[in-house]
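The file start.pdb contains PDB, C-alpha atoms:
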```pdb
ATOM      1  CA  MET A   8       0.000   0.000   0.000  1.00  0.00           C
ATOM      2  CA  ILE A   9       1.262   3.497  -0.802  1.00  0.00           C
ATOM      3  CA  TYR A  10       0.840   5.851   2.159  1.00  0.00           C
ATOM      4  CA  SER A  11       2.163   9.070   0.642  1.00  0.00           C
ATOM      5  CA  LEU A  12       3.975  10.546  -2.355  1.00  0.00           C
ATOM      6  CA  THR A  13       6.628  13.247  -2.174  1.00  0.00           C
ATOM      7  CA  GLY A  14       7.910  14.734  -5.373  1.00  0.00           C
ATOM      8  CA  LYS A  15       7.714  17.470  -7.974  1.00  0.00           C
ATOM      9  CA  TYR A  16       4.253  18.845  -8.720  1.00  0.00           C
ATOM     10  CA  LEU A  17       4.062  18.638 -12.538  1.00  0.00           C
ATOM     11  CA  THR A  18       0.541  19.512 -13.628  1.00  0.00           C
ATOM     12  CA  ALA A  19      -3.113  19.705 -12.638  1.00  0.00           C
ATOM     13  CA  GLU A  20      -6.380  18.896 -14.395  1.00  0.00           C
ATOM     14  CA  PRO A  21      -9.910  19.479 -13.069  1.00  0.00           C
ATOM     15  CA  ASN A  22      -9.889  16.405 -10.782  1.00  0.00           C
ATOM     16  CA  PHE A  23      -6.293  15.202 -10.529  1.00  0.00           C
ATOM     17  CA  VAL A  24      -2.675  16.268 -10.198  1.00  0.00           C
ATOM     18  CA  VAL A  25       0.527  14.596 -11.403  1.00  0.00           C
ATOM     19  CA  ILE A  26       3.409  14.192  -8.955  1.00  0.00           C
ATOM     20  CA  GLU A  27       6.783  12.987 -10.259  1.00  0.00           C
ATOM     21  CA  CYS A  28       8.628  10.727  -7.825  1.00  0.00           C
ATOM     22  CA  GLY A  29      11.934   9.183  -8.876  1.00  0.00           C
ATOM     23  CA  GLY A  30      11.234   9.765 -12.561  1.00  0.00           C
ATOM     24  CA  VAL A  31       7.727   8.253 -12.466  1.00  0.00           C
ATOM     25  CA  GLY A  32       4.651  10.484 -12.809  1.00  0.00           C
ATOM     26  CA  PHE A  33       1.801   9.467 -10.505  1.00  0.00           C
ATOM     27  CA  GLN A  34      -1.745  10.593 -11.292  1.00  0.00           C
ATOM     28  CA  CYS A  35      -3.481  11.449  -8.014  1.00  0.00           C
ATOM     29  CA  PHE A  36      -7.191  12.205  -7.941  1.00  0.00           C
ATOM     30  CA  THR A  37      -7.863  15.003  -5.448  1.00  0.00           C
ATOM     31  CA  SER A  38     -10.622  17.233  -4.171  1.00  0.00           C
ATOM     32  CA  MET A  39     -10.811  20.883  -5.205  1.00  0.00           C
ATOM     33  CA  SER A  40     -10.022  21.764  -1.592  1.00  0.00           C
ATOM     34  CA  THR A  41      -6.673  19.968  -1.854  1.00  0.00           C
ATOM     35  CA  MET A  42      -5.925  21.455  -5.266  1.00  0.00           C
ATOM     36  CA  THR A  43      -6.416  25.020  -4.036  1.00  0.00           C
ATOM     37  CA  ARG A  44      -3.826  24.425  -1.283  1.00  0.00           C
ATOM     38  CA  LEU A  45      -1.042  23.208  -3.586  1.00  0.00           C
ATOM     39  CA  PRO A  46       2.000  25.421  -4.203  1.00  0.00           C
ATOM     40  CA  ALA A  47       3.096  26.560  -7.671  1.00  0.00           C
ATOM     41  CA  GLN A  48       3.841  23.905 -10.273  1.00  0.00           C
ATOM     42  CA  GLY A  49       7.427  22.696 -10.045  1.00  0.00           C
ATOM     43  CA  ALA A  50       7.475  22.811  -6.243  1.00  0.00           C
ATOM     44  CA  THR A  51       8.034  19.745  -4.070  1.00  0.00           C
ATOM     45  CA  VAL A  52       4.834  18.473  -2.463  1.00  0.00           C
ATOM     46  CA  THR A  53       3.682  15.590  -0.287  1.00  0.00           C
ATOM     47  CA  LEU A  54       0.270  14.017  -0.831  1.00  0.00           C
ATOM     48  CA  PHE A  55      -1.177  11.402   1.495  1.00  0.00           C
ATOM     49  CA  THR A  56      -2.927   8.696  -0.483  1.00  0.00           C
ATOM     50  CA  TYR A  57      -5.791   6.262  -0.323  1.00  0.00           C
ATOM     51  CA  ILE A  58      -5.999   3.374  -2.772  1.00  0.00           C
ATOM     52  CA  SER A  59      -9.427   2.050  -3.721  1.00  0.00           C
ATOM     53  CA  LEU A  60      -9.477  -1.211  -5.649  1.00  0.00           C
ATOM     54  CA  LYS A  61     -12.654  -2.548  -7.180  1.00  0.00           C
ATOM     55  CA  LYS A  62     -13.194  -6.035  -8.507  1.00  0.00           C
ATOM     56  CA  ARG A  63     -14.537  -6.202 -12.059  1.00  0.00           C
ATOM     57  CA  ASN A  64     -16.764  -9.038 -13.177  1.00  0.00           C
TER      58      ASN A  64
END
```
Just give me the structure as structure tokens.
Amino acid sequence: MIYSLTGKYLTAEPNFVVIECGGVGFQCFTSMSTMTRLPAQGATVTLFTYISLKKRN
């Protein structure tokens, strides 16, 4: 399980941000509340995560 990501804040879309950690870009879905609190793109950020897995039939 991934507890948090710390890395460079690359970009944002309406419902997710991309954080680059060790050369890998992670897409993290976030609330608008979280997005408004992020620093400028290019800054180092830490996001705490929650992974939701759903079984497909």
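Comparing the minimum interatomic distances between A:Glu27 and each of A:Ala47, A:Ile58, A:Met8, A:Val52, counting all atoms listed in the file, we find that A:Val52 sits nearest.
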For this structure, which residues satisfy the selection - the PyMOL selection byres ((chain A and resi 28) around 7) - when it is evaluated on the file as given? I want them as number ranges by chain. A: 13-15, 26-27, 29-32
Quick one, how far is atom CA of A:Tyr10 from atom CA of A:Lys62?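 That distance, rounded to one decimal, is 21.3 Å.
When atom CA of A:Ser38 is paired with atom CA of A:Pro21, their separation reads 9.2 Å.
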What is the distance between atom CA of A:Val24 and atom CA of A:Met42, in Å to one decimal? 7.9 Å
Selection in question (the file shown): the PyMOL selection byres ((chain A and resi 48) around 9). Which residues does it include, as a ChimeraX atom specification? /A:15-19,45-47,49-51
When the PyMOL selection byres ((chain A and resi 56) around 8) is applied to the file above, which residues end up in the set, as a VMD selection string? chain A and resid 9 to 12 54 to 55 57 to 58
